[in-house]
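Okay, work-v1.cif now, which holds mmCIF, C-alpha atoms:
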```
data_structure
loop_
_atom_site.group_PDB
_atom_site.id
_atom_site.type_symbol
_atom_site.label_atom_id
_atom_site.label_comp_id
_atom_site.auth_asym_id
_atom_site.auth_seq_id
_atom_site.Cartn_x
_atom_site.Cartn_y
_atom_site.Cartn_z
ATOM 1 C CA MET A 1 104.529 90.934 85.414
ATOM 2 C CA GLY A 2 101.109 91.603 83.871
ATOM 3 C CA LEU A 3 101.823 95.344 83.581
ATOM 4 C CA LEU A 4 105.238 94.674 82.099
ATOM 5 C CA LEU A 5 103.788 92.355 79.482
ATOM 6 C CA LYS A 6 101.185 94.977 78.584
ATOM 7 C CA GLU A 7 103.585 97.915 78.285
ATOM 8 C CA GLY A 8 106.886 96.233 77.426
ATOM 9 C CA ILE A 9 110.354 96.830 78.836
ATOM 10 C CA ASP A 10 112.090 99.975 77.591
ATOM 11 C CA ILE A 11 114.949 102.227 78.663
ATOM 12 C CA ASN A 12 112.698 104.443 80.803
ATOM 13 C CA LEU A 13 111.642 101.460 82.882
ATOM 14 C CA ILE A 14 115.243 100.385 83.373
ATOM 15 C CA LYS A 15 116.388 103.917 84.278
ATOM 16 C CA SER A 16 113.657 104.488 86.855
ATOM 17 C CA ALA A 17 114.162 101.035 88.413
ATOM 18 C CA PHE A 18 117.891 101.674 88.743
ATOM 19 C CA LEU A 19 117.249 105.152 90.164
ATOM 20 C CA ALA A 20 114.819 103.883 92.829
ATOM 21 C CA PHE A 21 117.048 100.986 93.832
ATOM 22 C CA SER A 22 120.172 103.160 93.947
ATOM 23 C CA VAL A 23 118.608 105.981 95.975
ATOM 24 C CA ILE A 24 117.070 103.622 98.533
ATOM 25 C CA GLY A 25 120.289 101.622 98.811
ATOM 26 C CA LEU A 26 122.367 104.777 99.245
ATOM 27 C CA LEU A 27 120.023 106.161 101.904
ATOM 28 C CA VAL A 28 120.027 102.881 103.850
ATOM 29 C CA THR A 29 123.828 102.962 103.798
ATOM 30 C CA LEU A 30 124.047 106.603 104.879
ATOM 31 C CA ILE A 31 121.539 106.125 107.691
ATOM 32 C CA ASN A 32 123.581 103.269 109.134
ATOM 33 C CA ILE A 33 127.019 104.883 108.869
ATOM 34 C CA ILE A 34 126.217 108.469 109.917
ATOM 35 C CA PRO A 35 125.637 108.600 113.694
ATOM 36 C CA ILE A 36 123.019 111.375 113.726
ATOM 37 C CA PHE A 37 120.883 109.576 111.110
ATOM 38 C CA LYS A 38 121.282 106.293 112.963
ATOM 39 C CA LYS A 39 120.118 108.014 116.153
ATOM 40 C CA TRP A 40 116.988 109.263 114.415
ATOM 41 C CA LEU A 41 116.235 105.876 112.786
ATOM 42 C CA PRO A 42 117.922 103.301 115.035
ATOM 43 C CA ASN A 43 116.326 100.082 113.736
ATOM 44 C CA TYR A 44 115.761 98.566 110.317
ATOM 45 C CA THR A 45 111.968 98.519 110.589
ATOM 46 C CA LEU A 46 111.958 102.319 110.904
ATOM 47 C CA GLN A 47 114.360 102.639 107.991
ATOM 48 C CA LEU A 48 112.396 100.352 105.685
ATOM 49 C CA ALA A 49 109.092 102.010 106.616
ATOM 50 C CA GLY A 50 110.639 105.390 105.826
ATOM 51 C CA LEU A 51 111.992 104.339 102.426
ATOM 52 C CA ILE A 52 109.732 101.628 100.952
ATOM 53 C CA GLY A 53 106.498 103.029 99.533
ATOM 54 C CA ASN A 54 103.233 101.433 98.481
ATOM 55 C CA THR A 55 104.039 101.868 94.799
ATOM 56 C CA SER A 56 102.313 98.704 93.573
ATOM 57 C CA PHE A 57 98.815 99.120 94.996
ATOM 58 C CA LEU A 58 98.626 102.893 95.414
ATOM 59 C CA GLY A 59 101.419 104.561 93.435
ATOM 60 C CA ILE A 60 100.623 102.983 90.066
ATOM 61 C CA PRO A 61 96.850 103.713 90.246
ATOM 62 C CA ILE A 62 97.597 107.316 91.284
ATOM 63 C CA ALA A 63 100.010 107.747 88.379
ATOM 64 C CA LEU A 64 97.492 106.273 85.942
ATOM 65 C CA ALA A 65 94.858 108.711 87.226
ATOM 66 C CA LEU A 66 97.007 111.861 87.256
ATOM 67 C CA LEU A 67 99.584 111.401 84.495
ATOM 68 C CA PRO A 68 99.611 110.501 80.773
ATOM 69 C CA SER A 69 99.887 106.822 79.880
ATOM 70 C CA LYS A 70 103.343 107.443 78.391
ATOM 71 C CA THR A 71 104.728 107.624 81.945
ATOM 72 C CA ILE A 72 103.574 104.118 82.882
ATOM 73 C CA ASN A 73 106.972 102.530 82.246
ATOM 74 C CA LEU A 74 108.670 105.051 84.551
ATOM 75 C CA THR A 75 106.061 104.282 87.186
ATOM 76 C CA ILE A 76 106.425 100.537 86.819
ATOM 77 C CA GLY A 77 110.213 100.849 86.814
ATOM 78 C CA PHE A 78 110.190 102.780 90.093
ATOM 79 C CA ASP A 79 107.886 100.135 91.557
ATOM 80 C CA LEU A 80 110.274 97.379 90.459
ATOM 81 C CA GLY A 81 113.257 99.190 91.956
ATOM 82 C CA THR A 82 111.374 99.736 95.209
ATOM 83 C CA THR A 83 110.162 96.138 95.312
ATOM 84 C CA LEU A 84 113.670 94.820 94.729
ATOM 85 C CA SER A 85 114.925 97.072 97.524
ATOM 86 C CA ALA A 86 112.206 95.871 99.893
ATOM 87 C CA TRP A 87 112.747 92.165 99.315
ATOM 88 C CA ILE A 88 116.543 92.408 99.325
ATOM 89 C CA PHE A 89 117.205 94.858 102.144
ATOM 90 C CA GLY A 90 114.192 93.723 104.185
ATOM 91 C CA PRO A 91 115.066 90.043 104.717
ATOM 92 C CA PHE A 92 118.784 90.901 104.758
ATOM 93 C CA PHE A 93 118.566 93.408 107.608
ATOM 94 C CA LEU A 94 115.570 92.088 109.551
ATOM 95 C CA GLN A 95 117.139 88.639 109.717
ATOM 96 C CA LYS A 96 120.279 90.329 110.969
ATOM 97 C CA SER A 97 118.264 92.146 113.662
ATOM 98 C CA ASN A 98 116.502 88.955 114.676
ATOM 99 C CA SER A 99 119.511 86.653 114.856
ATOM 100 C CA ASN A 100 122.260 89.179 115.570
ATOM 101 C CA ASN A 101 124.295 87.477 112.871
ATOM 102 C CA ILE A 102 125.514 89.125 109.699
ATOM 103 C CA PRO A 103 123.881 87.344 106.730
ATOM 104 C CA ASN A 104 126.270 85.977 104.144
ATOM 105 C CA ILE A 105 126.392 86.715 100.441
ATOM 106 C CA LYS A 106 124.485 83.509 99.712
ATOM 107 C CA GLY A 107 121.575 84.765 101.807
ATOM 108 C CA LEU A 108 121.579 88.070 99.950
ATOM 109 C CA LEU A 109 121.573 86.336 96.561
ATOM 110 C CA ASN A 110 118.710 84.085 97.685
ATOM 111 C CA ALA A 111 116.718 87.176 98.693
ATOM 112 C CA LEU A 112 117.384 88.713 95.270
ATOM 113 C CA ILE A 113 116.431 85.600 93.310
ATOM 114 C CA ASN A 114 113.317 84.982 95.397
ATOM 115 C CA SER A 115 112.040 88.577 95.292
ATOM 116 C CA PRO A 116 108.680 89.088 93.490
ATOM 117 C CA ALA A 117 110.184 91.760 91.230
ATOM 118 C CA SER A 118 113.034 89.484 90.120
ATOM 119 C CA ARG A 119 110.650 86.657 89.387
ATOM 120 C CA GLY A 120 108.372 89.027 87.484
ATOM 121 C CA ILE A 121 111.226 90.212 85.274
ATOM 122 C CA ILE A 122 112.398 86.640 84.658
ATOM 123 C CA GLY A 123 108.821 85.650 83.779
ATOM 124 C CA VAL A 124 108.540 88.506 81.277
ATOM 125 C CA LEU A 125 111.830 87.593 79.615
ATOM 126 C CA LEU A 126 110.727 83.970 79.306
ATOM 127 C CA ALA A 127 107.400 85.096 77.835
ATOM 128 C CA TYR A 128 109.260 87.155 75.234
ATOM 129 C CA LEU A 129 111.588 84.233 74.527
ATOM 130 C CA PHE A 130 108.701 81.855 73.808
ATOM 131 C CA GLN A 131 106.657 84.618 72.083
ATOM 132 C CA ILE A 132 103.654 84.226 74.384
ATOM 133 C CA ASP A 133 103.876 87.699 75.920
ATOM 134 C CA GLU A 134 100.628 89.048 74.424
ATOM 135 C CA ILE A 135 98.521 86.015 75.330
ATOM 136 C CA LEU A 136 100.036 85.701 78.804
ATOM 137 C CA GLY A 137 99.676 89.426 79.454
ATOM 138 C CA ASN A 138 95.928 89.247 78.787
ATOM 139 C CA TYR A 139 95.465 86.272 81.100
ATOM 140 C CA LEU A 140 97.544 87.782 83.917
ATOM 141 C CA TRP A 141 95.143 90.695 84.316
ATOM 142 C CA ILE A 142 92.733 88.353 86.134
ATOM 143 C CA PRO A 143 95.107 87.205 88.923
ATOM 144 C CA ALA A 144 96.545 90.739 89.085
ATOM 145 C CA ARG A 145 93.122 92.115 90.044
ATOM 146 C CA ILE A 146 92.737 89.370 92.652
ATOM 147 C CA VAL A 147 96.140 90.160 94.165
ATOM 148 C CA ILE A 148 95.334 93.881 94.344
ATOM 149 C CA ALA A 149 91.993 93.160 96.018
ATOM 150 C CA LEU A 150 93.615 90.838 98.558
ATOM 151 C CA ALA A 151 96.353 93.374 99.293
ATOM 152 C CA ILE A 152 93.754 96.071 99.944
ATOM 153 C CA ILE A 153 91.910 93.686 102.273
ATOM 154 C CA ILE A 154 95.144 92.981 104.156
ATOM 155 C CA VAL A 155 95.835 96.688 104.581
ATOM 156 C CA GLY A 156 92.262 97.392 105.668
ATOM 157 C CA THR A 157 92.320 94.508 108.138
ATOM 158 C CA ARG A 158 95.629 95.604 109.570
ATOM 159 C CA LEU A 159 94.493 99.210 109.899
ATOM 160 C CA GLY A 160 91.360 97.957 111.642
ATOM 161 C CA ILE A 161 93.480 96.036 114.135
ATOM 162 C CA ILE A 162 95.525 99.155 114.829
ATOM 163 C CA THR A 163 92.427 101.273 115.460
ATOM 164 C CA ASN A 164 91.184 98.693 117.969
ATOM 165 C CA GLN A 165 94.384 98.690 119.968
ATOM 166 C CA ASN A 166 94.220 100.217 123.420
ATOM 167 C CA GLU A 167 97.115 102.599 122.755
ATOM 168 C CA LYS A 168 96.485 105.820 120.887
ATOM 169 C CA ILE A 169 97.029 105.450 117.150
ATOM 170 C CA LEU A 170 98.617 108.848 116.736
ATOM 171 C CA ASP A 171 100.655 108.668 119.945
ATOM 172 C CA LEU A 172 103.941 108.636 118.050
ATOM 173 C CA ASN A 173 107.448 108.768 119.445
ATOM 174 C CA GLU A 174 110.213 110.836 117.873
ATOM 175 C CA GLU A 175 111.667 107.906 115.928
ATOM 176 C CA ILE A 176 108.351 107.146 114.227
ATOM 177 C CA LYS A 177 107.916 110.837 113.393
ATOM 178 C CA PHE A 178 111.334 110.853 111.706
ATOM 179 C CA ALA A 179 110.360 107.785 109.629
ATOM 180 C CA ILE A 180 107.114 109.485 108.558
ATOM 181 C CA LEU A 181 109.000 112.671 107.677
ATOM 182 C CA LEU A 182 111.470 110.655 105.610
ATOM 183 C CA LYS A 183 108.753 108.771 103.729
ATOM 184 C CA LEU A 184 106.370 111.574 102.865
ATOM 185 C CA PHE A 185 108.667 114.590 102.575
ATOM 186 C CA ILE A 186 112.405 113.930 102.497
ATOM 187 C CA LEU A 187 112.439 111.025 100.017
ATOM 188 C CA PRO A 188 110.220 112.831 97.451
ATOM 189 C CA PHE A 189 112.435 115.911 97.787
ATOM 190 C CA ILE A 190 115.567 113.818 97.185
ATOM 191 C CA ILE A 191 113.968 112.279 94.077
ATOM 192 C CA PHE A 192 113.040 115.798 92.947
ATOM 193 C CA LEU A 193 116.693 116.871 93.246
ATOM 194 C CA VAL A 194 117.852 113.782 91.354
ATOM 195 C CA CYS A 195 115.338 114.475 88.566
ATOM 196 C CA LYS A 196 116.558 118.072 88.301
ATOM 197 C CA PHE A 197 120.168 116.888 88.189
ATOM 198 C CA LEU A 198 119.372 114.353 85.456
ATOM 199 C CA ASN A 199 117.343 116.972 83.553
ATOM 200 C CA PHE A 200 114.148 114.905 83.447
ATOM 201 C CA ASN A 201 111.123 116.587 81.902
ATOM 202 C CA PHE A 202 107.947 117.483 83.786
ATOM 203 C CA TYR A 203 106.113 114.194 83.257
ATOM 204 C CA GLN A 204 109.153 112.047 83.983
ATOM 205 C CA SER A 205 109.828 113.959 87.196
ATOM 206 C CA SER A 206 106.177 113.847 88.222
ATOM 207 C CA ALA A 207 105.962 110.085 87.753
ATOM 208 C CA LEU A 208 109.011 109.439 89.935
ATOM 209 C CA ILE A 209 108.218 112.008 92.637
ATOM 210 C CA LEU A 210 104.669 110.703 93.041
ATOM 211 C CA GLN A 211 105.990 107.173 93.509
ATOM 212 C CA ALA A 212 108.485 108.355 96.104
ATOM 213 C CA ALA A 213 105.681 110.142 97.997
ATOM 214 C CA THR A 214 103.467 107.085 98.439
ATOM 215 C CA PRO A 215 102.771 105.940 102.026
ATOM 216 C CA THR A 216 104.619 103.047 103.602
ATOM 217 C CA ALA A 217 104.274 99.710 101.805
ATOM 218 C CA ILE A 218 102.344 96.672 102.977
ATOM 219 C CA SER A 219 105.526 94.616 102.668
ATOM 220 C CA THR A 220 107.117 96.392 105.648
ATOM 221 C CA ILE A 221 104.436 94.977 107.950
ATOM 222 C CA LEU A 222 104.596 91.535 106.353
ATOM 223 C CA MET A 223 108.379 91.363 106.770
ATOM 224 C CA ALA A 224 108.313 92.786 110.304
ATOM 225 C CA GLU A 225 105.778 90.138 111.298
ATOM 226 C CA ALA A 226 107.641 87.358 109.485
ATOM 227 C CA TYR A 227 110.863 88.140 111.363
ATOM 228 C CA GLY A 228 109.216 89.258 114.608
ATOM 229 C CA VAL A 229 110.892 92.687 114.532
ATOM 230 C CA LYS A 230 109.045 95.870 115.653
ATOM 231 C CA GLN A 231 105.659 94.946 114.198
ATOM 232 C CA LYS A 232 103.770 97.697 116.067
ATOM 233 C CA ILE A 233 106.149 100.335 114.725
ATOM 234 C CA ALA A 234 105.593 99.172 111.147
ATOM 235 C CA SER A 235 101.825 99.144 111.690
ATOM 236 C CA LYS A 236 101.754 102.671 113.126
ATOM 237 C CA ILE A 237 103.868 104.096 110.318
ATOM 238 C CA LEU A 238 101.737 102.377 107.666
ATOM 239 C CA PHE A 239 98.548 103.743 109.213
ATOM 240 C CA THR A 240 99.866 107.260 109.763
ATOM 241 C CA THR A 241 101.539 107.706 106.381
ATOM 242 C CA THR A 242 98.439 106.383 104.600
ATOM 243 C CA LEU A 243 96.270 108.855 106.495
ATOM 244 C CA ILE A 244 98.577 111.838 105.949
ATOM 245 C CA SER A 245 99.156 111.015 102.265
ATOM 246 C CA ILE A 246 95.496 111.818 101.571
ATOM 247 C CA ILE A 247 96.590 115.428 102.034
ATOM 248 C CA THR A 248 100.251 115.356 100.984
ATOM 249 C CA ILE A 249 99.846 113.691 97.570
ATOM 250 C CA PRO A 250 97.339 116.264 96.220
ATOM 251 C CA LEU A 251 99.514 119.055 97.628
ATOM 252 C CA LEU A 252 102.556 117.504 95.974
ATOM 253 C CA LYS A 253 100.748 117.333 92.629
ATOM 254 C CA LEU A 254 99.842 121.004 93.018
ATOM 255 C CA PHE A 255 103.469 121.824 93.820
ATOM 256 C CA MET A 256 104.656 119.976 90.718
ATOM 257 C CA ASN A 257 102.168 121.799 88.505
ATOM 258 C CA LEU A 258 103.144 125.201 89.886
ATOM 259 C CA PHE A 259 106.878 124.780 90.263
ATOM 260 C CA ILE A 260 108.351 121.950 88.186
ATOM 261 C CA GLN A 261 106.330 122.688 85.046
ATOM 262 C CA THR A 262 107.423 126.335 85.043
ATOM 263 C CA THR A 263 111.152 125.689 85.616
#
```
Let me see whether you can do it: turn the structure in this file into structure tokens.
Amino acid sequence: MGLLLKEGIDINLIKSAFLAFSVIGLLVTLINIIPIFKKWLPNYTLQLAGLIGNTSFLGIPIALALLPSKTINLTIGFDLGTTLSAWIFGPFFLQKSNSNNIPNIKGLLNALINSPASRGIIGVLLAYLFQIDEILGNYLWIPARIVIALAIIIVGTRLGIITNQNEKILDLNEEIKFAILLKLFILPFIIFLVCKFLNFNFYQSSALILQAATPTAISTILMAEAYGVKQKIASKILFTTTLISIITIPLLKLFMNLFIQTT
């Protein structure tokens, strides 16, 4: 909400949010209706870990460091679309896994209304309505920094717990490897194809591809623990994708500079 109040809501933000939400929603649907994909990613924790990236606390800082400030709305929009996807599909499917009951439409609407991204957008619109957006935006930078610091602490603590487990951290089964492949390689490539199809320019494409290439989000662990569904899997994928992304994100930026900018 603080970033939105600082930068404002424009068409680029709306387009990138819709793109992220649509692509993730389509991929979740395809994975669950196509048998071979379902075999590779048989549970919802694997699927969410392979599709929901750490756009808020890693993707946005990376974009701010590597790209011009004019791309910030695209970056924020992708984060909003991803966040909406996480807090809609996450509770919707993990509750289904936990209870073996199909959630009703009311449950889905509650997940949408209660998602952090939805509340952030509503808050921004109210701030605009009462013409307090500039003042509120300045004040929200303080809690925003606190939230980011706490999120980093949570990730660090969780990664520390994983490293202290008796089992080998990088002893990964085939299903986890498929989720990692989806998160760090397949999803960015799909976003690249979508950007080419929509004729986005270099900076627009770079902003969206970098967000798609971020490691697995903190929220996947939080939701897995909240619903008691495959917590160790979520932890391993978070740890592994974060570790591998130290290499893949710089390589991806190099690829974009060499290939996308010249095409």
Handout entry: Spatial neighbours of Ala86 of chain A, 8 Å, all atoms listed in the file, chain gap at least 4 places, as a list in words
Key = Leu48, Ile52, Thr82, Gly90, Ser219 and Thr220 of chain A
Which residues, named as in the file, does the PyMOL selection byres ((chain A and resi 75) around 7) pick out? Answer as a compact mmCIF listing (two decimals) with C-alpha atoms, keeping the file's coordinate frame.
```
# COMPACT_ATOMS: atom_id res chain seq x y z
CA ILE A 60 100.62 102.98 90.07
CA THR A 71 104.73 107.62 81.94
CA ILE A 72 103.57 104.12 82.88
CA ASN A 73 106.97 102.53 82.25
CA LEU A 74 108.67 105.05 84.55
CA ILE A 76 106.42 100.54 86.82
CA GLY A 77 110.21 100.85 86.81
CA PHE A 78 110.19 102.78 90.09
CA ASP A 79 107.89 100.14 91.56
CA ALA A 207 105.96 110.08 87.75
CA LEU A 208 109.01 109.44 89.94
CA GLN A 211 105.99 107.17 93.51
```
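Remark: for Ser235 of chain A, the closest of the candidate residues A:Val28, A:Leu13, A:Leu66, A:Ala49 is A:Ala49 (distances computed over all atoms listed in the file).
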Completion exercise
Of A:Leu140, A:Leu58, A:Ala212, A:Asn199, the one sitting nearest Ile24 of chain A when using only C-alpha atoms is A:Ala212
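Atom CA of Phe259 of chain A lies 26.0 Å from atom CA of Ala179 of chain A.
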Just so the selection is clear, what residues does the PyMOL selection byres ((chain A and resi 21) around 9) cover here, as a PDB file with C-alpha atoms, keeping the file's coordinate frame?
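Generated output (part.pdb):
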```pdb
ATOM      1  CA  SER A  16     113.657 104.488  86.855  1.00  0.00           C
ATOM      2  CA  ALA A  17     114.162 101.035  88.413  1.00  0.00           C
ATOM      3  CA  PHE A  18     117.891 101.674  88.743  1.00  0.00           C
ATOM      4  CA  LEU A  19     117.249 105.152  90.164  1.00  0.00           C
ATOM      5  CA  ALA A  20     114.819 103.883  92.829  1.00  0.00           C
ATOM      6  CA  SER A  22     120.172 103.160  93.947  1.00  0.00           C
ATOM      7  CA  VAL A  23     118.608 105.981  95.975  1.00  0.00           C
ATOM      8  CA  ILE A  24     117.070 103.622  98.533  1.00  0.00           C
ATOM      9  CA  GLY A  25     120.289 101.622  98.811  1.00  0.00           C
ATOM     10  CA  LEU A  26     122.367 104.777  99.245  1.00  0.00           C
ATOM     11  CA  PHE A  78     110.190 102.780  90.093  1.00  0.00           C
ATOM     12  CA  LEU A  80     110.274  97.379  90.459  1.00  0.00           C
ATOM     13  CA  GLY A  81     113.257  99.190  91.956  1.00  0.00           C
ATOM     14  CA  THR A  82     111.374  99.736  95.209  1.00  0.00           C
ATOM     15  CA  THR A  83     110.162  96.138  95.312  1.00  0.00           C
ATOM     16  CA  LEU A  84     113.670  94.820  94.729  1.00  0.00           C
ATOM     17  CA  SER A  85     114.925  97.072  97.524  1.00  0.00           C
TER      18      SER A  85
END
```
Exercise for the section: Could you tell me which residues the PyMOL selection byres ((chain A and resi 224) around 10) returns for this structure, as a PyMOL selection string? Expected result: chain A and resi 44-45+48-49+90-91+94-95+219-223+225-235
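Counting from atom CA of Phe178 of chain A, the distance to atom CA of Ile249 of chain A is 18.4 Å.
Closest approach to Thr214 of chain A among A:Ile176, A:Leu150, A:Ile62, A:Ala127 is made by A:Ile62 (distances from all atoms listed in the file).
Atom CA of Ile121 of chain A lies 28.4 Å from atom CA of Leu46 of chain A.
Shortest atom-to-atom contact with Phe189 of chain A among A:Ala63, A:Ile209, A:Ile11, A:Ile36: A:Ile209, counting only C-alpha atoms.
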Handout entry: Residue among A:Leu252, A:Tyr203, A:Ser245, A:Ile186 lying closest to Pro68 of chain A, counting all atoms listed in the file
Key = A:Tyr203
Once 4 Å is added on each side, what are the centre and the three edge lengths, in Å to one decimal, of the axis-aligned box enclosing the listed atoms of segment 220-229 of chain A? Present them as JSON.
```
{"center_x": 107.7, "center_y": 91.9, "center_z": 110.1, "size_x": 14.5, "size_y": 17.0, "size_z": 17.0}
```
Practice task
Just the residues within 10 Å of Gly2 of chain A, please, counting all atoms listed in the file, with nothing from its chain fewer than 6 positions along; format it as a VMD selection string.
Solution key: chain A and resid 8 120 123 to 124 133 to 134 136 to 144
